[in-house]
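Read the structure below first, then the notes.
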Amino acid sequence: MGVSGVGKTTIGKRLAAELGWTFYEGDDFHPAANVDKMSRGIPLTDEDRAPWLAALREVIDGCVRRGENAILACSALKSAYRETLRGDHPEVVFVHLRADPRVIAERLEHRTGHYMKRGLLESQLATLEEPGEAVAVDASGAPGEIVEEIRKRLGV
C-alpha cells in the first residue's frame with residue numbers, strides 16, 4: 001500500500017516472484033470512470049473508490065477461500081479502506097511503502113504508460129491516513145533492498 005509512484009507494483013511483482021505467490025495489480029480493478037477521472041488529474045472521492053474497494057475485497061476473499069498466498073498492490077490510503085479490504089481476515093497484512101515526497105514526485109515525472117501522474121500526488125498525500133497496523137518500509141532504495149527488507153520484516 002502507499003501513494004501512487006512509491007513502487008507498489010514494482011516491489012509487489014518482485015516480491016511475489018521471489019515467494020512464488022500470485023500478484024494482483026489493484027489498478028486493474030478500477031472502473032473505467034475512475035481511470036478517466038484520474039487520467040484528467042481529478043482526485044477520486046470515497047464514493048468513486050467504493051466499487052473498486054468492493055472488487056479488491058472480492059479478490060482477497062477468493063485468495064483466503066482458496067488458501068492462496070498473494071500480493072495485492074493498491075493504495076489503501078484510508079483506515080476505512082483498509083478495514084474494508086481486511087474484512088474478517090486477520091491474516092491480511094498491509095505493507096506500507098513510504099518515501100520522501102520529492103523522491104516519489106521524481107518517479108512520477110519519469111513514469112510512462114500510466115494514468116496517474118504527478119499532479120495527483122498532493123491529493124494522495126493529503127488523503128493518506130498513516131497506518132499504525134501496517135509494516136512500514138522505506139521505499140527510497142533499490143527494489144532488491146526493499147524486497148529484502150519486507151521479507152525480513154514479514155519473516156518470509
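Going by the C-alpha cells order, chains are called A, B, ..., each with residues numbered from 1, while ligands are numbered from 1 in the order shown.
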Close residues, A:Trp52 itself excluded, 7 Å, only C-alpha atoms, min 3 positions apart in chain, as a list in words: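 So the residues in contact are Phe29, His30, Pro31, Arg49, Ala55 and Leu56 of chain A.
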Dump N, CA, C and O atoms for the selected residues as an mmCIF file, in the first residue's frame?
data_model
loop_
_atom_site.group_PDB
_atom_site.id
_atom_site.type_symbol
_atom_site.label_atom_id
_atom_site.label_comp_id
_atom_site.auth_asym_id
_atom_site.auth_seq_id
_atom_site.Cartn_x
_atom_site.Cartn_y
_atom_site.Cartn_z
ATOM 1 N N PHE A 29 -8.509 -3.122 -11.330
ATOM 2 C CA PHE A 29 -9.876 -3.313 -10.864
ATOM 3 C C PHE A 29 -10.670 -2.005 -10.783
ATOM 4 O O PHE A 29 -11.824 -2.010 -10.363
ATOM 5 N N HIS A 30 -10.043 -0.885 -11.177
ATOM 6 C CA HIS A 30 -10.768 0.387 -11.176
ATOM 7 C C HIS A 30 -11.809 0.409 -12.286
ATOM 8 O O HIS A 30 -11.521 -0.003 -13.412
ATOM 9 N N PRO A 31 -12.999 0.899 -12.006
ATOM 10 C CA PRO A 31 -13.978 1.116 -13.077
ATOM 11 C C PRO A 31 -13.431 2.146 -14.076
ATOM 12 O O PRO A 31 -12.614 3.002 -13.718
ATOM 13 N N ARG A 49 -14.282 5.423 -5.039
ATOM 14 C CA ARG A 49 -13.456 4.274 -4.653
ATOM 15 C C ARG A 49 -14.279 3.079 -4.179
ATOM 16 O O ARG A 49 -13.765 1.958 -4.154
ATOM 17 N N ALA A 55 -14.421 -4.620 -5.317
ATOM 18 C CA ALA A 55 -13.790 -5.585 -6.228
ATOM 19 C C ALA A 55 -12.510 -6.152 -5.620
ATOM 20 O O ALA A 55 -12.249 -7.365 -5.727
ATOM 21 N N LEU A 56 -11.720 -5.306 -4.975
ATOM 22 C CA LEU A 56 -10.489 -5.776 -4.332
ATOM 23 C C LEU A 56 -10.812 -6.711 -3.174
ATOM 24 O O LEU A 56 -10.102 -7.705 -2.950
#
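Residue neighbourhood of stretch 69-83 of chain A, excluding near-sequence residues (fewer than 4 positions): Met1, Gly2, Val3, Ser4, Lys8, Thr9, Gly12, Ala16, Trp21, Thr22, Phe23, Tyr24, Glu25, Gly26, Asp27, Leu53, Cys63, Val64, Gly87, Gln124, Thr127, Leu128, Glu129, Glu130 and Pro131 of chain A, at 8 Å, using only C-alpha atoms.
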Which of stretch 9-101 of chain A fall in alpha helix (DSSP H), as a ChimeraX atom specification: /A:9-19,32-39,46-66,79-86,101
Next, write the just-selected residues to a file, as a compact mmCIF listing (two decimals), in the first residue's frame, keeping N, CA and C atoms as the atom set.
# COMPACT_ATOMS: atom_id res chain seq x y z
N THR A 9 3.76 -1.56 -7.44
CA THR A 9 3.74 -2.58 -8.48
C THR A 9 5.12 -3.20 -8.66
N THR A 10 6.13 -2.38 -8.76
CA THR A 10 7.49 -2.89 -8.95
C THR A 10 7.88 -3.83 -7.81
N ILE A 11 7.68 -3.37 -6.59
CA ILE A 11 8.07 -4.16 -5.41
C ILE A 11 7.15 -5.37 -5.26
N GLY A 12 5.86 -5.17 -5.45
CA GLY A 12 4.91 -6.27 -5.32
C GLY A 12 5.18 -7.40 -6.29
N LYS A 13 5.43 -7.07 -7.55
CA LYS A 13 5.73 -8.10 -8.55
C LYS A 13 7.02 -8.85 -8.21
N ARG A 14 8.00 -8.11 -7.81
CA ARG A 14 9.29 -8.75 -7.48
C ARG A 14 9.16 -9.64 -6.25
N LEU A 15 8.47 -9.16 -5.24
CA LEU A 15 8.27 -9.95 -4.03
C LEU A 15 7.46 -11.21 -4.34
N ALA A 16 6.39 -11.06 -5.11
CA ALA A 16 5.57 -12.21 -5.48
C ALA A 16 6.39 -13.24 -6.26
N ALA A 17 7.23 -12.78 -7.18
CA ALA A 17 8.06 -13.71 -7.96
C ALA A 17 9.03 -14.47 -7.06
N GLU A 18 9.65 -13.76 -6.12
CA GLU A 18 10.59 -14.42 -5.21
C GLU A 18 9.91 -15.45 -4.32
N LEU A 19 8.69 -15.16 -3.91
CA LEU A 19 7.98 -16.05 -2.99
C LEU A 19 7.15 -17.12 -3.69
N ALA A 32 -13.89 2.07 -15.31
CA ALA A 32 -13.43 2.98 -16.36
C ALA A 32 -13.61 4.44 -15.97
N ALA A 33 -14.69 4.74 -15.26
CA ALA A 33 -14.95 6.14 -14.86
C ALA A 33 -13.84 6.64 -13.93
N ASN A 34 -13.34 5.79 -13.05
CA ASN A 34 -12.25 6.19 -12.16
C ASN A 34 -10.97 6.46 -12.95
N VAL A 35 -10.66 5.58 -13.87
CA VAL A 35 -9.45 5.75 -14.68
C VAL A 35 -9.55 7.05 -15.47
N ASP A 36 -10.74 7.32 -16.01
CA ASP A 36 -10.95 8.56 -16.76
C ASP A 36 -10.71 9.78 -15.88
N LYS A 37 -11.27 9.77 -14.67
CA LYS A 37 -11.08 10.90 -13.76
C LYS A 37 -9.60 11.11 -13.44
N MET A 38 -8.94 10.04 -13.06
CA MET A 38 -7.52 10.15 -12.68
C MET A 38 -6.67 10.59 -13.88
N SER A 39 -7.01 10.10 -15.07
CA SER A 39 -6.28 10.50 -16.29
C SER A 39 -6.38 12.00 -16.53
N ASP A 46 -14.41 9.17 -1.98
CA ASP A 46 -14.74 7.90 -1.33
C ASP A 46 -15.81 7.16 -2.14
N GLU A 47 -16.77 7.91 -2.67
CA GLU A 47 -17.83 7.30 -3.48
C GLU A 47 -17.25 6.65 -4.73
N ASP A 48 -16.28 7.31 -5.37
CA ASP A 48 -15.63 6.74 -6.54
C ASP A 48 -14.90 5.45 -6.20
N ARG A 49 -14.28 5.42 -5.04
CA ARG A 49 -13.46 4.27 -4.65
C ARG A 49 -14.28 3.08 -4.18
N ALA A 50 -15.52 3.27 -3.79
CA ALA A 50 -16.33 2.19 -3.22
C ALA A 50 -16.41 0.95 -4.11
N PRO A 51 -16.74 1.06 -5.41
CA PRO A 51 -16.83 -0.16 -6.22
C PRO A 51 -15.45 -0.81 -6.42
N TRP A 52 -14.42 0.00 -6.47
CA TRP A 52 -13.05 -0.51 -6.59
C TRP A 52 -12.67 -1.31 -5.35
N LEU A 53 -12.95 -0.75 -4.18
CA LEU A 53 -12.64 -1.46 -2.94
C LEU A 53 -13.44 -2.75 -2.83
N ALA A 54 -14.69 -2.73 -3.27
CA ALA A 54 -15.51 -3.95 -3.25
C ALA A 54 -14.91 -5.02 -4.15
N ALA A 55 -14.42 -4.62 -5.32
CA ALA A 55 -13.79 -5.58 -6.23
C ALA A 55 -12.51 -6.15 -5.62
N LEU A 56 -11.72 -5.31 -4.97
CA LEU A 56 -10.49 -5.78 -4.33
C LEU A 56 -10.81 -6.71 -3.17
N ARG A 57 -11.86 -6.40 -2.43
CA ARG A 57 -12.28 -7.27 -1.33
C ARG A 57 -12.66 -8.65 -1.86
N GLU A 58 -13.30 -8.70 -3.03
CA GLU A 58 -13.64 -9.99 -3.64
C GLU A 58 -12.38 -10.78 -3.98
N VAL A 59 -11.36 -10.08 -4.46
CA VAL A 59 -10.08 -10.75 -4.76
C VAL A 59 -9.50 -11.35 -3.48
N ILE A 60 -9.48 -10.55 -2.42
CA ILE A 60 -8.93 -11.02 -1.14
C ILE A 60 -9.75 -12.18 -0.60
N ASP A 61 -11.07 -12.06 -0.63
CA ASP A 61 -11.92 -13.15 -0.15
C ASP A 61 -11.63 -14.44 -0.92
N GLY A 62 -11.46 -14.33 -2.23
CA GLY A 62 -11.16 -15.50 -3.05
C GLY A 62 -9.82 -16.12 -2.70
N CYS A 63 -8.82 -15.29 -2.49
CA CYS A 63 -7.50 -15.80 -2.11
C CYS A 63 -7.57 -16.54 -0.78
N VAL A 64 -8.25 -15.96 0.20
CA VAL A 64 -8.37 -16.60 1.52
C VAL A 64 -9.13 -17.93 1.38
N ARG A 65 -10.21 -17.91 0.64
CA ARG A 65 -11.02 -19.11 0.45
C ARG A 65 -10.21 -20.24 -0.18
N ARG A 66 -9.34 -19.89 -1.14
CA ARG A 66 -8.51 -20.89 -1.83
C ARG A 66 -7.23 -21.23 -1.08
N SER A 79 -7.83 4.48 6.63
CA SER A 79 -8.09 3.39 7.57
C SER A 79 -9.37 2.64 7.19
N ALA A 80 -10.40 3.36 6.81
CA ALA A 80 -11.67 2.71 6.43
C ALA A 80 -11.48 1.82 5.21
N TYR A 81 -10.63 2.22 4.28
CA TYR A 81 -10.37 1.39 3.10
C TYR A 81 -9.69 0.10 3.53
N ARG A 82 -8.72 0.21 4.43
CA ARG A 82 -8.00 -0.97 4.89
C ARG A 82 -8.93 -1.90 5.66
N GLU A 83 -9.85 -1.32 6.43
CA GLU A 83 -10.83 -2.15 7.15
C GLU A 83 -11.71 -2.90 6.16
N THR A 84 -12.13 -2.22 5.10
CA THR A 84 -12.94 -2.87 4.06
C THR A 84 -12.15 -4.00 3.42
N LEU A 85 -10.90 -3.74 3.10
CA LEU A 85 -10.08 -4.76 2.43
C LEU A 85 -9.81 -5.96 3.34
N ARG A 86 -9.51 -5.70 4.59
CA ARG A 86 -9.20 -6.81 5.52
C ARG A 86 -10.45 -7.59 5.88
N PRO A 101 8.33 12.63 -0.34
CA PRO A 101 7.50 13.08 -1.47
C PRO A 101 8.30 13.56 -2.68
All strand (DSSP E or B) residues (DSSP, backbone) inside stretch 5-66 of chain A, as a ChimeraX atom specification: /A:22-25
Next, write the just-selected residues to a file, as a PDB file, in the first residue's frame, keeping all heavy atoms as the atom set.
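Writing the result to again_26.pdb gives the following:
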ATOM      1  N   THR A  22       0.967 -15.259  -5.986  1.00  0.00           N
ATOM      2  CA  THR A  22       0.230 -14.580  -7.042  1.00  0.00           C
ATOM      3  C   THR A  22       0.292 -13.077  -6.802  1.00  0.00           C
ATOM      4  O   THR A  22       0.209 -12.623  -5.665  1.00  0.00           O
ATOM      5  CB  THR A  22      -1.238 -15.041  -7.060  1.00  0.00           C
ATOM      6  OG1 THR A  22      -1.269 -16.465  -7.169  1.00  0.00           O
ATOM      7  CG2 THR A  22      -1.999 -14.422  -8.207  1.00  0.00           C
ATOM      8  N   PHE A  23       0.424 -12.314  -7.889  1.00  0.00           N
ATOM      9  CA  PHE A  23       0.407 -10.855  -7.798  1.00  0.00           C
ATOM     10  C   PHE A  23      -0.853 -10.322  -8.459  1.00  0.00           C
ATOM     11  O   PHE A  23      -1.204 -10.722  -9.571  1.00  0.00           O
ATOM     12  CB  PHE A  23       1.633 -10.240  -8.492  1.00  0.00           C
ATOM     13  CG  PHE A  23       1.595  -8.739  -8.503  1.00  0.00           C
ATOM     14  CD1 PHE A  23       1.937  -8.017  -7.374  1.00  0.00           C
ATOM     15  CD2 PHE A  23       1.185  -8.049  -9.633  1.00  0.00           C
ATOM     16  CE1 PHE A  23       1.874  -6.630  -7.363  1.00  0.00           C
ATOM     17  CE2 PHE A  23       1.133  -6.661  -9.636  1.00  0.00           C
ATOM     18  CZ  PHE A  23       1.482  -5.955  -8.498  1.00  0.00           C
ATOM     19  N   TYR A  24      -1.526  -9.422  -7.767  1.00  0.00           N
ATOM     20  CA  TYR A  24      -2.703  -8.740  -8.303  1.00  0.00           C
ATOM     21  C   TYR A  24      -2.426  -7.239  -8.310  1.00  0.00           C
ATOM     22  O   TYR A  24      -2.018  -6.674  -7.293  1.00  0.00           O
ATOM     23  CB  TYR A  24      -3.946  -9.007  -7.445  1.00  0.00           C
ATOM     24  CG  TYR A  24      -4.396 -10.446  -7.459  1.00  0.00           C
ATOM     25  CD1 TYR A  24      -3.992 -11.329  -6.473  1.00  0.00           C
ATOM     26  CD2 TYR A  24      -5.227 -10.913  -8.469  1.00  0.00           C
ATOM     27  CE1 TYR A  24      -4.404 -12.657  -6.481  1.00  0.00           C
ATOM     28  CE2 TYR A  24      -5.653 -12.235  -8.494  1.00  0.00           C
ATOM     29  CZ  TYR A  24      -5.226 -13.100  -7.492  1.00  0.00           C
ATOM     30  OH  TYR A  24      -5.646 -14.411  -7.515  1.00  0.00           O
ATOM     31  N   GLU A  25      -2.667  -6.611  -9.445  1.00  0.00           N
ATOM     32  CA  GLU A  25      -2.497  -5.164  -9.593  1.00  0.00           C
ATOM     33  C   GLU A  25      -3.835  -4.493  -9.318  1.00  0.00           C
ATOM     34  O   GLU A  25      -4.795  -4.654 -10.090  1.00  0.00           O
ATOM     35  CB  GLU A  25      -2.017  -4.842 -11.015  1.00  0.00           C
ATOM     36  CG  GLU A  25      -1.981  -3.364 -11.343  1.00  0.00           C
ATOM     37  CD  GLU A  25      -1.154  -2.561 -10.358  1.00  0.00           C
ATOM     38  OE1 GLU A  25       0.073  -2.747 -10.308  1.00  0.00           O
ATOM     39  OE2 GLU A  25      -1.756  -1.748  -9.620  1.00  0.00           O
TER      40      GLU A  25
END
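What separates atom CA of A:Ile150 from atom CA of A:Leu97 is a distance of 9.6 Å.
Distances from A:Asp28, A:Arg107, A:Val6, A:Gly20 to A:Glu68 were compared using only C-alpha atoms, and the smallest one belongs to A:Gly20.
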From A:Gly155, A:Pro43, A:Pro90, A:Gly7, residue lying nearest A:Ser140 [only C-alpha atoms]: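 Closest candidate: A:Gly7.
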